[in-house]
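Accompanying notes for the structure given below.
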Amino acid sequence: MKTRNRMIVRDMWHLRGQLIATALVVMCGVASFVSMRCTYESLRIAQADYYQGYRFANVFAQLKRAPLSVTRRVSEIEGVAGVRARVVMGVTLDVPGLNEPATGRLVSVPEKRTSMINDLYLARGRYIEAGQPNEIIASMAFASANDLQPGDTLDAVINGRWQRLTIVGIGLSPEYIYEAGGGTIFPDNRRFGVLWMGETALAAAFNMEGAFNDLALTLSAGAMEAEVIARLDDVLVRYGGLGAYGRDEQLSHRFISDEISQNRITSTYLPAIFLGVAAFLLHIVLSRLVALQRTEIGLLKAFGYSNSDVGTHYLKLAAMTVLAGVVIGAAGGLYLGAQLTALYQDYYRFPELPFAVTPQVIAIGVAVSLAAAIAGALSAVRRAAVLPPAVAMRPEPPPTYHATALEHSGLHRLLPASGRMIVRHLLRRRWNSLMSTFGIACAAGILLVGGYMLASITHLMRMQFEEVQREDVLIVFNEPASATARLEVSRLPGVLYAEPFRSVPVRFRNEHRSKRAEIIGIEQGSRLRRLVDSEGRTVDLPPDGLVLSSKLAEILDVATGDTLRMEILEGARPVRQIQVSRLVDELVGLGAYMDISALNGVMREGASISGAYLAIDDQRAADLYTTLKTLPAVGGVAFRQALLTSFQEILDRSIVTATLINIIFACIIAFGVIYNGARIALSERGNELASLRVLGFTKREVSAILLGEQAVLTLAAIPLGFSFGILLSWLLSLSLDTEFYRMPLLFTSSTFGLSLTVVLVAAAVSGGLVARRLNKLDLIAVLKTRE
């Protein structure tokens with residue numbers, strides 16, 4: 001072993017505590033980067049491969065009914081590469097073992113298996129056979145939630161008739177990676193499922209022979225999606241087209257794409273914090289080491305070692321510390337990434353979601369970590385390299401002391417002697433004190449971000465399912481029903497109170513901006529479905545005019561008092577000009593609301609309704625469920641408590657895991673910064689502290705002086721960390737501001753309490769370790785030499 005390498009080994013052993021703490025911080029940074037980035041790559045690659053291999057459509061359209069001959073005109077539109085016409089219908093299902101009625105979405109497929117747009121992946125079982133009208137393929141999410149296997153049967157109300165369906169296969173489609181329906185964007189896989197049925201059988205059941213009501217298109221390379229959509233709408237308008245749209249408005253694609261985008265953002269900012277703290281720790285450790293080894297540096301240069309040799313020696317020390325953290329962090333990151341990827345597979349359904357370990361991710365992690373090491377070590381290395389041998393052989397000049405701001409202000413009289421010593425030392429080491437404070441603040445900030453996520457999601461769910469959606473059951477009709485349906489719904493068994501609603505698909509336009517949406521007409525003073533803003537304030541529904549969610553108003557660039565062009569995509573498809581009467585800052589969806597009577601007036605129809613919100617008697621719920629299963633007019637049913645429970649199960653797994661990882665990582669940062677700071681202070685002031693012991697100070701008093709500095713820094717870091725965490729949370733809330741949901745910037749006392757507790761516990765543990773070492777101080781040895 002070369003002489004300098006032996007010196008490195010001795011130095012690493014001597015500084016093992018500080019270097020291990022630094023390596024652990026590097027480990028956290030690399031682990032967070034590798035896990036999140038590999039998870040991001042896994043989702044991105046799985047999505048791209050799935051879309052390409054199973055021909056995910058680029059454009060979608062729903063309509064009332066059109067003859068199959070229309071597909072020829074659609075295929076002639078410039079830019080259209082492929083067309084798939086199909087029949088899609090909603091049905092009520094009676095699932096074995098499920099008391100409530102479930103909602104099924106029947107999608108037609110060819111009787112003979114062939115490659116098609118939005119193709120099927122068969123996970124189990126077989127494809128349907130021609131001439132078997134009762135055979136279906138069930139979506140994997142629905143089958144797994146209800147423990148259904150090939151060979152099991154379901155009862156369905158198909159166009160007013162009971163029909164028993166036999167599951168012959170379990171399948172997946174790129175169209176339903178995220179599976180939600182029944183009038184909600186939240187998943188309830190037990191009560192909503194996609195079922196693929198032979199096109200001949202499905203068309204015959206709904207009198208759709210030779211016709212279709214749903215289109216999926218693929219586009220050729222270079223095609224202009226907006227132009228294709230415009231021309232497609234022109235073709236389908238006479239057939240009751242509801243407005244074509246691209247992937248960006250397709251529910252499943254938008255959810256998974258938003259998730260992938262958020263992973264990319266998180267995999268950038270969080271590792272940057274850890275590696276920034278690691279660079280600071282390396283800086284203070286190596287700076288102190290250079291100060292301690294002035295004589296050794298002088299001797300090395302006197303024996304002929306060049307400045308680059310000396311500088312390389314200390315860079316090697318930094319690099320070996322970082323590489324140790326990189327190796328452990330990469331291994332830990334791969335494990336965490338694999339677990340996160342497996343977690344995603346539970347609610348994003350891919351044929352395969354392998355954990356993608358790309359060499360580029362590992363290479364970037366190593367390169368960025370080494371860059372952080374060089375940045376942290378550069379100042380100390382430069383100081384060692386340029387130190388002349390003659391100067392290095394002399395003891396380091398003592399620092400120049402002078403009156404600080406403490407003395408000038410006169411506040412020193414209010415402090416005991418130990419307090420004055422603490423404050424003076426901190427003020428004379430302003431840079432290190434500030435950086436130590438910032439490092440601890442990073443730990444508190446990361447914890448606050450984790451608490452913010454938990455608090456904001458909990459608030460969102462509480463607002464949506466306790467303040468906005470207050471109904472027990474939501475029922476949606478296959479077609480708008482007449483005024484008599486209002487009375488019939490209220491007479492259903494177990495219904496205590498019913499509120500009808502009218503839902504109308506529209507396209508809003510404001511100059512060059514446009515957006516597809518649904519106007520929901522509800523009654524004045526509605527108790528079961530209310531307009532509530534992000535602060536929990538109820539917003540009154542005006543008797544006329546339109547109420548828009550703030551997000552939809554932002555997309556359309558309108559404000560209160562502006563007028564919108566409203567193209568109704570139902571019935572005679574009238575076009576209206578309507579004034580925006582009010583905005584409501586909702587947390588979920590892109591809402592547009594009107595008084596139901598006013599909406600009926602705009603549609604120039606009677607008191608039609610699209611469904612109803614129900615408050616029910618729990619004691620008679622079973623009677624209601626049995627009745628709903630037999631009603632042919634009901635196309636969808638959703639249960640508020642079931643949606644909440646389903647979503648909560650997902651959050652419990654994902655958020656609890658993320659919060660636990662946050663706590664562990666934040667503890668390591670806090671421990672690393674405080675422990676390193678205290679050890680450096682002990683090394684620098686060992687002579688002073690030993691002198692105090694000789695002068696009669698007790699071990700407790702000496703420990704109080706040393707650890708008091710770290711306590712001051714920790715207490716100063718906590719409010720700074722809270723501010724830093726609030727800033728990070730605000731930036732995160734901007735990235736989570738999607739069309740489907742918005743995360744409110746919300747903090748609770750428990751959020752701050754968790755952050756404060758974890759930082760203080762980490763500080764106490766690291767302080768205890770340093771105090772233990774201080775108590776074992778050899779006074780005679782310390783007084784003989786600064787080392």
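Please note that chains go A, B, ... in the order of the structure tokens, that every chain numbers its residues from 1, and that ligands are numbered from 1 in the order shown.
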
Identify, on the basis of only C-alpha atoms, every residue whose closest approach to Gly311 of chain A does not exceed 12 Å; exclude the query and any residue fewer than 5 positions from it along the same chain; express the result as JSON, numbers by chain.
-> {"A": [4, 286, 290, 297, 300, 301, 305, 306, 316, 317, 318, 374, 377, 378, 379, 380, 381, 382, 383, 384, 385, 386, 387]}

Sort by chain and increasing residue number a table of all residues of segment 115-183 of chain A within 10 Å of segment 31-52 of chain A, each with its closest pair of atoms and their distance in Å to one decimal, counting only C-alpha atoms, and write it as CSV.
```
residue,atom,partner,partner_atom,distance
A:Ile117,CA,A:Tyr51,CA,9.8
A:Asn118,CA,A:Tyr51,CA,8.2
A:Asp119,CA,A:Tyr51,CA,9.4
A:Tyr121,CA,A:Tyr50,CA,9.7
A:Ser173,CA,A:Tyr50,CA,8.8
A:Pro174,CA,A:Tyr51,CA,6.2
A:Glu175,CA,A:Tyr51,CA,8.9
A:Ile177,CA,A:Gln47,CA,9.0
```

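Shortest atom-to-atom contact with Phe280 of chain A among A:Gln62, A:Leu774, A:Ile440, A:Arg164: A:Ile440, counting only C-alpha atoms.
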
Can you pull out every residue within 6 Å of segment 365-372 of chain A, counting only C-alpha atoms, but drop anything in the same chain fewer than 2 positions away, and send it as a ChimeraX atom specification?
-> /A:30,279,362-363,374-375

Could you take the residues named above and write them with C-alpha atoms, as an mmCIF file, in the first residue's frame?
```
data_model
loop_
_atom_site.group_PDB
_atom_site.id
_atom_site.type_symbol
_atom_site.label_atom_id
_atom_site.label_comp_id
_atom_site.auth_asym_id
_atom_site.auth_seq_id
_atom_site.Cartn_x
_atom_site.Cartn_y
_atom_site.Cartn_z
ATOM 1 C CA VAL A 30 -28.616 8.389 -3.802
ATOM 2 C CA ALA A 279 -21.306 18.593 0.296
ATOM 3 C CA ILE A 362 -26.905 4.663 -11.566
ATOM 4 C CA ALA A 363 -24.302 6.603 -13.574
ATOM 5 C CA ILE A 374 -15.731 17.706 -5.142
ATOM 6 C CA ALA A 375 -17.793 20.844 -4.523
#
```

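Using only C-alpha atoms, the nearest neighbour of Tyr127 of chain A within the list A:Asn510, A:Ser581, A:Asn307, A:Thr114 is A:Thr114.
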
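Across the structure, atom CA of Ala678 of chain A and atom CA of Gly325 of chain A are spaced 21.4 Å apart.
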
In segment 560-648 of chain A, DSSP strand (DSSP E) residues written as an NGL selection string | :A and (563-568 or 575-584 or 592-595 or 609-616 or 634-639)

Would you kindly return, as a PDB file with N, CA and C atoms, in the first residue's frame, each protein, DNA or RNA residue with an atom no farther than 7 Å from any atom of Ala592 of chain A, considering only C-alpha atoms and excluding same-chain residues fewer than 5 positions away?
```pdb
ATOM      1  N   GLU A 518     -68.936  18.842 -18.297  1.00  0.00           N
ATOM      2  CA  GLU A 518     -70.344  18.537 -18.045  1.00  0.00           C
ATOM      3  C   GLU A 518     -70.909  19.591 -17.113  1.00  0.00           C
ATOM      4  N   ILE A 519     -72.071  20.099 -17.475  1.00  0.00           N
ATOM      5  CA  ILE A 519     -72.787  20.990 -16.560  1.00  0.00           C
ATOM      6  C   ILE A 519     -73.687  20.131 -15.686  1.00  0.00           C
ATOM      7  N   ILE A 520     -73.548  20.306 -14.385  1.00  0.00           N
ATOM      8  CA  ILE A 520     -74.390  19.580 -13.432  1.00  0.00           C
ATOM      9  C   ILE A 520     -75.448  20.551 -12.909  1.00  0.00           C
ATOM     10  N   LEU A 546     -73.983  30.643 -14.704  1.00  0.00           N
ATOM     11  CA  LEU A 546     -73.116  29.469 -14.590  1.00  0.00           C
ATOM     12  C   LEU A 546     -72.130  29.643 -13.454  1.00  0.00           C
ATOM     13  N   VAL A 547     -71.910  28.582 -12.699  1.00  0.00           N
ATOM     14  CA  VAL A 547     -70.868  28.546 -11.671  1.00  0.00           C
ATOM     15  C   VAL A 547     -69.763  27.621 -12.170  1.00  0.00           C
ATOM     16  N   LEU A 548     -68.538  28.133 -12.256  1.00  0.00           N
ATOM     17  CA  LEU A 548     -67.402  27.344 -12.718  1.00  0.00           C
ATOM     18  C   LEU A 548     -66.418  27.125 -11.586  1.00  0.00           C
ATOM     19  N   SER A 549     -65.757  25.967 -11.604  1.00  0.00           N
ATOM     20  CA  SER A 549     -64.632  25.775 -10.698  1.00  0.00           C
ATOM     21  C   SER A 549     -63.503  26.707 -11.129  1.00  0.00           C
TER      22      SER A 549
END
```

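Within the 9 Å cut-off around segment 483-499 of chain A, using only C-alpha atoms and omitting residues fewer than 4 positions from it on the same chain, the listed residues are Glu471, Ile522, Glu523, Ser526, Arg527, Leu528, Arg529, Gly606, Ala607, Ser608, Ile609, Gly611, Ala612, Tyr613, Leu614, Ala615, Ile616, Asp617, Asp618, Gln619, Arg620, Ala621, Ala622, Asp623, Leu624, Tyr625, Thr627 and Leu628 of chain A.
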
Give the answer as one residue: which of A:Tyr675, A:Ser115, A:Asn159, A:Gly601 has the shortest atom-to-atom distance to Leu15 of chain A, using only C-alpha atoms?
->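 Residue with the minimum atom-to-atom distance to Leu15 of chain A: A:Tyr675.
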
Which residue, A:Leu323, A:Leu754, A:Met224, A:Leu340, has the smallest gap to Ile663 of chain A when you use only C-alpha atoms?
->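 Comparing A:Leu323, A:Leu754, A:Met224, A:Leu340 against Ile663 of chain A, the winner is A:Leu754.
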
Nearest-residue call for Arg509 of chain A, choices A:Met594, A:Val558, A:Leu660, A:Leu336, using only C-alpha atoms = A:Val558

Hey, what's within 10 Å of Gly525 of chain A if we count only C-alpha atoms and toss same-chain stuff fewer than 6 positions away? As a PyMOL selection string, please?
-> chain A and resi 531+540-541+595

Write the residues of the selection above to a file with C-alpha atoms, as a PDB file, in the first residue's frame.
```
ATOM      1  CA  LEU A 531     -70.711  23.694  -3.760  1.00  0.00           C
ATOM      2  CA  ASP A 540     -74.664  29.531  -2.928  1.00  0.00           C
ATOM      3  CA  LEU A 541     -75.963  28.502  -6.325  1.00  0.00           C
ATOM      4  CA  ASP A 595     -79.672  25.602 -11.069  1.00  0.00           C
TER       5      ASP A 595
END
```

Members of segment 94-302 of chain A assigned alpha helix (DSSP H) by DSSP, as JSON, numbers by chain | {"A": [140, 141, 142, 143, 144, 145, 199, 200, 201, 202, 203, 204, 205, 225, 226, 227, 228, 229, 230, 231, 232, 233, 234, 235, 236, 251, 252, 253, 254, 255, 256, 257, 258, 259, 260, 261, 262, 263, 264, 265, 266, 267, 268, 269, 270, 271, 272, 273, 274, 275, 276, 277, 278, 279, 280, 281, 282, 283, 284, 285, 286, 287, 288, 289, 290, 291, 292, 294, 295, 296, 297, 298, 299, 300, 301, 302]}

Would you mind listing what lies within 7 Å of Val468 of chain A as a ChimeraX atom specification, with only C-alpha atoms counted and same-chain residues fewer than 3 positions away left out?
-> /A:463-465,529-532

Quick one, how far is atom CA of Ser257 of chain A from atom CA of Leu736 of chain A?
->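 Those two atoms sit 12.1 Å apart.
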
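One distance worth recording is that between atom CA of Val327 of chain A and atom CA of Asn5 of chain A, which is 20.5 Å.
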
Check the smallest atom-to-atom distance from each of A:Arg742, A:Lys629, A:Arg773, A:Arg190 to Ser144 of chain A using only C-alpha atoms, then report the winner.
-> A:Arg190
